[in-house]
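K.L.:
Below is a structure I'd like to ask you about.
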Amino acid sequence: MTLFRLGLTGSIGMGKSTTAGFFRAAGLPVWDADAAVHRLYSAGGAAVAPIGALLPDAVIGGAVSRDRLKQALARDAKLLPKLEHIVHPLVAADREAFAAKTVTDIAVFDIPLLFEKGTETDMDATLLVTAPAALQRARVLARPGMTEAQFALILSRQMPDRDKRARATHIIETLSLPSVESGVTALIAYIRGTRDA
Ligand SMILES: CC(C)(COP(=O)(O)OP(=O)(O)OC[C@H]1O[C@@H](n2cnc3c(N)ncnc32)[C@H](O)[C@@H]1O)[C@@H](O)C(=O)NCCC(=O)NCCS
Ligand SMILES: Nc1ncnc2c1ncn2[C@@H]1O[C@H](COP(=O)(O)OP(=O)(O)OP(=O)(O)O)[C@@H](O)[C@H]1O
């Protein structure tokens with residue numbers, strides 16, 4: 001049976017990592033796009049040399065410095081597409097290597113920018129985790145070092161939750177841990193049921 005790819009996404013603080021944990025607990029492998037970028041940027045990672053060729057200052061001690069990258073991105077609006085041109089094919093290759101060695105029937109791909117970057121076309125279905133705006137806000141502002149201004153800036157750069165809701169195949173409201181756990185169990189059973197049918 002071919003691998004069923006479930007793309008997991010949601011805006012900041014909506015509960016992607018927590019929900020991914022329930023899929024792992026149910027025995028499904030989870031690929032994490034943010035973790036893949038961290039691997040690619042770390043010493044020996046495949047993104048270090050090409051980013052160093054584009055921006056020598058962004059490499060410190062053999063690894064990409066995210067602070068230096070952010071400073072450079074703030075100075076030059078044309079830099080992000082160039083960076084994406086390097087990073088996105090490497091991220092896609094990491095994802096495909098993971099998929100190739102996966103032996104389960106379903107795998108979960110935790111991708112914060114799933115809809116923003118159009119990656120949903122590589123998925124068999126998408127799952128949006130969401131919550132009321134007030135709950136999202138309370139969760140994010142509870143994080144150490146997070147400010148109202150920073151939260152507003154991050155939100156302004158993400159696709160609005162209502163647009164993500166319109167695009168998603170499945171939606172789970174992350175109101176409580178037990179409700180998410182049962183939502184995950186039901187979704188896995190649903191996907192398996194549709195494949196067996
Ligand atoms: C800009 C960087 C250095 C910021 O790193 P940092 O550790 O501070 O934050 P983090 O990665 O969690 O991103 C913070 C927020 O920025 C937004 N963001 C990050 N990359 C992008 C992008 N390519 N386009 C739009 N928004 C982005 C996300 O909404 C995210 O919530 C880093 O995100 C980066 O190198 N991005 C380019 C690579 C990329 O496209 N990554 C996305 C996954 S493929
Ligand atoms: N179902 C839930 N019930 C109660 N609390 C939750 C639930 N899901 C997430 N939370 C809480 O909300 C906060 C954000 O959750 P999480 O880190 O999973 O979100 P995220 O979408 O991965 O965030 P980010 O986009 O910032 O990486 C955490 O404090 C977490 O404990």
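The way I read the labels, and the way they are meant: chains A, B, ... in the order of the structure tokens, residue 1 as the first residue of every chain, and ligand 1 as the first ligand shown, with later ones counted on from there.
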As a PDB file with C-alpha atoms, in the first residue's frame, list the residues of chain A assigned to helix (DSSP H, G or I) by DSSP on the backbone atoms of this structure.
P.N.:
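out-v4.pdb, freshly written:
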ATOM      1  CA  LYS A  16       0.720  21.632  16.027  1.00  0.00           C
ATOM      2  CA  SER A  17       3.455  20.160  18.230  1.00  0.00           C
ATOM      3  CA  THR A  18       0.972  18.912  20.826  1.00  0.00           C
ATOM      4  CA  THR A  19      -1.212  17.291  18.168  1.00  0.00           C
ATOM      5  CA  ALA A  20       1.839  15.774  16.445  1.00  0.00           C
ATOM      6  CA  GLY A  21       2.627  14.141  19.807  1.00  0.00           C
ATOM      7  CA  PHE A  22      -0.729  12.339  19.759  1.00  0.00           C
ATOM      8  CA  PHE A  23      -0.024  10.976  16.262  1.00  0.00           C
ATOM      9  CA  ARG A  24       3.367   9.723  17.481  1.00  0.00           C
ATOM     10  CA  ALA A  25       1.721   8.132  20.508  1.00  0.00           C
ATOM     11  CA  ALA A  33       9.649  20.791   8.765  1.00  0.00           C
ATOM     12  CA  ASP A  34      11.123  23.144  11.391  1.00  0.00           C
ATOM     13  CA  ALA A  35      13.381  20.376  12.700  1.00  0.00           C
ATOM     14  CA  ALA A  36      14.511  19.630   9.135  1.00  0.00           C
ATOM     15  CA  VAL A  37      15.522  23.301   8.633  1.00  0.00           C
ATOM     16  CA  HIS A  38      17.433  23.207  11.945  1.00  0.00           C
ATOM     17  CA  ARG A  39      19.331  20.090  10.761  1.00  0.00           C
ATOM     18  CA  LEU A  40      20.114  21.707   7.400  1.00  0.00           C
ATOM     19  CA  TYR A  41      21.446  24.859   9.122  1.00  0.00           C
ATOM     20  CA  VAL A  48      25.451  25.712   5.178  1.00  0.00           C
ATOM     21  CA  ALA A  49      27.640  25.886   2.049  1.00  0.00           C
ATOM     22  CA  PRO A  50      25.042  27.408  -0.337  1.00  0.00           C
ATOM     23  CA  ILE A  51      23.868  29.948   2.267  1.00  0.00           C
ATOM     24  CA  GLY A  52      27.532  30.795   2.988  1.00  0.00           C
ATOM     25  CA  ALA A  53      28.062  31.420  -0.740  1.00  0.00           C
ATOM     26  CA  LEU A  54      25.059  33.792  -0.779  1.00  0.00           C
ATOM     27  CA  PRO A  56      29.224  34.757   4.035  1.00  0.00           C
ATOM     28  CA  ASP A  57      28.362  36.669   7.238  1.00  0.00           C
ATOM     29  CA  ALA A  58      25.467  34.297   7.986  1.00  0.00           C
ATOM     30  CA  ARG A  66      19.488  32.427  12.360  1.00  0.00           C
ATOM     31  CA  ASP A  67      20.126  35.803  14.029  1.00  0.00           C
ATOM     32  CA  ARG A  68      22.472  36.854  11.233  1.00  0.00           C
ATOM     33  CA  LEU A  69      19.969  35.603   8.658  1.00  0.00           C
ATOM     34  CA  LYS A  70      17.186  37.621  10.293  1.00  0.00           C
ATOM     35  CA  GLN A  71      19.370  40.740  10.313  1.00  0.00           C
ATOM     36  CA  ALA A  72      20.148  40.266   6.609  1.00  0.00           C
ATOM     37  CA  LEU A  73      16.477  39.618   5.770  1.00  0.00           C
ATOM     38  CA  ALA A  74      15.509  42.831   7.589  1.00  0.00           C
ATOM     39  CA  ARG A  75      18.013  44.795   5.466  1.00  0.00           C
ATOM     40  CA  LEU A  79      16.814  38.061   0.088  1.00  0.00           C
ATOM     41  CA  LEU A  80      13.938  35.802   1.228  1.00  0.00           C
ATOM     42  CA  PRO A  81      13.146  34.372  -2.241  1.00  0.00           C
ATOM     43  CA  LYS A  82      16.868  33.672  -2.750  1.00  0.00           C
ATOM     44  CA  LEU A  83      17.052  31.922   0.621  1.00  0.00           C
ATOM     45  CA  GLU A  84      13.908  29.924  -0.142  1.00  0.00           C
ATOM     46  CA  HIS A  85      15.410  28.907  -3.502  1.00  0.00           C
ATOM     47  CA  ILE A  86      18.232  27.248  -1.545  1.00  0.00           C
ATOM     48  CA  VAL A  87      16.305  25.917   1.450  1.00  0.00           C
ATOM     49  CA  HIS A  88      13.042  24.607  -0.008  1.00  0.00           C
ATOM     50  CA  PRO A  89      14.533  21.961  -2.370  1.00  0.00           C
ATOM     51  CA  LEU A  90      16.728  20.701   0.516  1.00  0.00           C
ATOM     52  CA  VAL A  91      13.697  20.522   2.817  1.00  0.00           C
ATOM     53  CA  ALA A  92      11.740  18.647   0.115  1.00  0.00           C
ATOM     54  CA  ALA A  93      14.643  16.183  -0.302  1.00  0.00           C
ATOM     55  CA  ASP A  94      14.755  15.585   3.475  1.00  0.00           C
ATOM     56  CA  ARG A  95      10.991  14.965   3.449  1.00  0.00           C
ATOM     57  CA  GLU A  96      11.223  12.495   0.563  1.00  0.00           C
ATOM     58  CA  ALA A  97      14.099  10.605   2.232  1.00  0.00           C
ATOM     59  CA  PHE A  98      11.895  10.275   5.331  1.00  0.00           C
ATOM     60  CA  ALA A  99       8.919   9.103   3.246  1.00  0.00           C
ATOM     61  CA  ALA A 100      11.083   6.560   1.403  1.00  0.00           C
ATOM     62  CA  THR A 119       3.047  22.230  -0.132  1.00  0.00           C
ATOM     63  CA  GLU A 120      -0.462  20.830   0.377  1.00  0.00           C
ATOM     64  CA  THR A 121      -0.343  19.635  -3.244  1.00  0.00           C
ATOM     65  CA  ASP A 122       2.247  17.031  -2.117  1.00  0.00           C
ATOM     66  CA  ALA A 133      -8.397  33.643  18.701  1.00  0.00           C
ATOM     67  CA  ALA A 134      -8.577  34.468  22.411  1.00  0.00           C
ATOM     68  CA  LEU A 135      -7.195  31.049  23.373  1.00  0.00           C
ATOM     69  CA  GLN A 136      -4.430  31.297  20.765  1.00  0.00           C
ATOM     70  CA  ARG A 137      -3.504  34.725  22.089  1.00  0.00           C
ATOM     71  CA  ALA A 138      -3.423  33.585  25.728  1.00  0.00           C
ATOM     72  CA  ARG A 139      -1.215  30.586  24.827  1.00  0.00           C
ATOM     73  CA  VAL A 140       1.271  32.601  22.818  1.00  0.00           C
ATOM     74  CA  LEU A 141       1.534  35.497  25.288  1.00  0.00           C
ATOM     75  CA  GLU A 148       2.044  41.815  22.087  1.00  0.00           C
ATOM     76  CA  ALA A 149       3.996  43.504  19.282  1.00  0.00           C
ATOM     77  CA  GLN A 150       5.872  40.345  18.339  1.00  0.00           C
ATOM     78  CA  PHE A 151       2.674  38.292  18.353  1.00  0.00           C
ATOM     79  CA  ALA A 152       0.938  40.880  16.132  1.00  0.00           C
ATOM     80  CA  LEU A 153       3.888  40.837  13.710  1.00  0.00           C
ATOM     81  CA  ILE A 154       3.947  37.021  13.439  1.00  0.00           C
ATOM     82  CA  LEU A 155       0.157  36.905  12.938  1.00  0.00           C
ATOM     83  CA  SER A 156       0.340  39.553  10.203  1.00  0.00           C
ATOM     84  CA  ARG A 157       2.818  37.359   8.306  1.00  0.00           C
ATOM     85  CA  ASP A 161      -6.872  31.152  10.294  1.00  0.00           C
ATOM     86  CA  ARG A 162     -10.198  31.515   8.420  1.00  0.00           C
ATOM     87  CA  ASP A 163      -8.395  31.065   5.068  1.00  0.00           C
ATOM     88  CA  LYS A 164      -6.623  27.979   6.383  1.00  0.00           C
ATOM     89  CA  ARG A 165      -9.966  26.589   7.579  1.00  0.00           C
ATOM     90  CA  ALA A 166     -11.358  27.020   4.062  1.00  0.00           C
ATOM     91  CA  ARG A 167      -8.444  25.053   2.567  1.00  0.00           C
ATOM     92  CA  LEU A 177      -5.965  17.458  25.403  1.00  0.00           C
ATOM     93  CA  PRO A 178      -8.548  14.610  25.655  1.00  0.00           C
ATOM     94  CA  SER A 179     -10.647  16.061  22.821  1.00  0.00           C
ATOM     95  CA  VAL A 180      -7.580  16.292  20.564  1.00  0.00           C
ATOM     96  CA  GLU A 181      -6.511  12.760  21.452  1.00  0.00           C
ATOM     97  CA  SER A 182      -9.926  11.412  20.450  1.00  0.00           C
ATOM     98  CA  GLY A 183      -9.955  13.607  17.317  1.00  0.00           C
ATOM     99  CA  VAL A 184      -6.613  12.110  16.272  1.00  0.00           C
ATOM    100  CA  THR A 185      -7.823   8.549  16.948  1.00  0.00           C
ATOM    101  CA  ALA A 186     -11.009   9.185  14.937  1.00  0.00           C
ATOM    102  CA  LEU A 187      -9.103  10.730  12.041  1.00  0.00           C
ATOM    103  CA  ILE A 188      -6.662   7.815  11.792  1.00  0.00           C
ATOM    104  CA  ALA A 189      -9.611   5.379  11.787  1.00  0.00           C
ATOM    105  CA  TYR A 190     -11.398   7.476   9.149  1.00  0.00           C
ATOM    106  CA  ILE A 191      -8.353   7.564   6.843  1.00  0.00           C
ATOM    107  CA  ARG A 192      -7.832   3.804   7.256  1.00  0.00           C
ATOM    108  CA  GLY A 193     -11.544   3.224   6.567  1.00  0.00           C
ATOM    109  CA  THR A 194     -11.521   5.249   3.356  1.00  0.00           C
ATOM    110  CA  ARG A 195      -8.420   3.387   2.146  1.00  0.00           C
ATOM    111  CA  ASP A 196      -9.876  -0.045   2.862  1.00  0.00           C
TER     112      ASP A 196
END
K.L.:
Calculate how many Å separate atom CA of A:Gly44 from atom 10 (P, counted along the ligand's line) of ligand 1, rounding to one decimal.
P.N.:
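So the answer is 20.1 Å.
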K.L.:
With a cut-off of 10 Å, could you pull out the residues of stretch 35-129 of chain A touching stretch 4-7 of chain A and give me the nearest pair of atoms for each, distance in Å to one decimal, using only C-alpha atoms, ordered by chain and ascending number, as JSON lines?
P.N.:
{"residue": "A:Ala99", "atom": "CA", "partner": "A:Arg5", "partner_atom": "CA", "distance": 8.7}
{"residue": "A:Thr104", "atom": "CA", "partner": "A:Phe4", "partner_atom": "CA", "distance": 8.9}
{"residue": "A:Asp105", "atom": "CA", "partner": "A:Phe4", "partner_atom": "CA", "distance": 6.1}
{"residue": "A:Ile106", "atom": "CA", "partner": "A:Phe4", "partner_atom": "CA", "distance": 4.6}
{"residue": "A:Ala107", "atom": "CA", "partner": "A:Arg5", "partner_atom": "CA", "distance": 5.3}
{"residue": "A:Val108", "atom": "CA", "partner": "A:Leu6", "partner_atom": "CA", "distance": 4.8}
{"residue": "A:Phe109", "atom": "CA", "partner": "A:Gly7", "partner_atom": "CA", "distance": 4.8}
{"residue": "A:Asp110", "atom": "CA", "partner": "A:Gly7", "partner_atom": "CA", "distance": 6.2}
{"residue": "A:Ile111", "atom": "CA", "partner": "A:Gly7", "partner_atom": "CA", "distance": 6.8}
{"residue": "A:Pro112", "atom": "CA", "partner": "A:Gly7", "partner_atom": "CA", "distance": 9.5}
{"residue": "A:Leu114", "atom": "CA", "partner": "A:Gly7", "partner_atom": "CA", "distance": 7.3}
{"residue": "A:Phe115", "atom": "CA", "partner": "A:Gly7", "partner_atom": "CA", "distance": 9.7}
{"residue": "A:Thr119", "atom": "CA", "partner": "A:Gly7", "partner_atom": "CA", "distance": 8.5}
{"residue": "A:Glu120", "atom": "CA", "partner": "A:Gly7", "partner_atom": "CA", "distance": 6.8}
{"residue": "A:Thr121", "atom": "CA", "partner": "A:Gly7", "partner_atom": "CA", "distance": 9.7}
{"residue": "A:Asp122", "atom": "CA", "partner": "A:Arg5", "partner_atom": "CA", "distance": 8.0}
{"residue": "A:Met123", "atom": "CA", "partner": "A:Arg5", "partner_atom": "CA", "distance": 5.1}
{"residue": "A:Asp124", "atom": "CA", "partner": "A:Arg5", "partner_atom": "CA", "distance": 5.2}
{"residue": "A:Ala125", "atom": "CA", "partner": "A:Leu6", "partner_atom": "CA", "distance": 5.1}
{"residue": "A:Thr126", "atom": "CA", "partner": "A:Gly7", "partner_atom": "CA", "distance": 4.5}
{"residue": "A:Leu127", "atom": "CA", "partner": "A:Gly7", "partner_atom": "CA", "distance": 6.0}
{"residue": "A:Leu128", "atom": "CA", "partner": "A:Gly7", "partner_atom": "CA", "distance": 8.4}
K.L.:
What's the separation between atom 25 (O, counted along the ligand's line) of ligand 2 and atom CA of A:Val129, in Å to one decimal place?
P.N.:
10.2 Å
K.L.:
When DSSP is applied to the backbone of this structure, which of chain A are assigned strand (DSSP E or B)? Write them out as a PyMOL selection string.
P.N.:
chain A and resi 4-9+30-32+59-60+63-64+106-110+125-130+170-173
K.L.:
Please measure the separation of atom 31 (O, counted along the ligand's line) of ligand 1 and atom CA of A:Ala131, giving the value in Å to one decimal.
P.N.:
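For atom 31 (O, counted along the ligand's line) of ligand 1 relative to atom CA of A:Ala131, the distance reads 16.6 Å.
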K.L.:
Pick the closest to A:Pro160 from A:Thr2, A:Ser11, A:Thr102, A:Ser42: which is it, counting only C-alpha atoms?
P.N.:
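Closest residue, counting only C-alpha atoms: A:Ser11.
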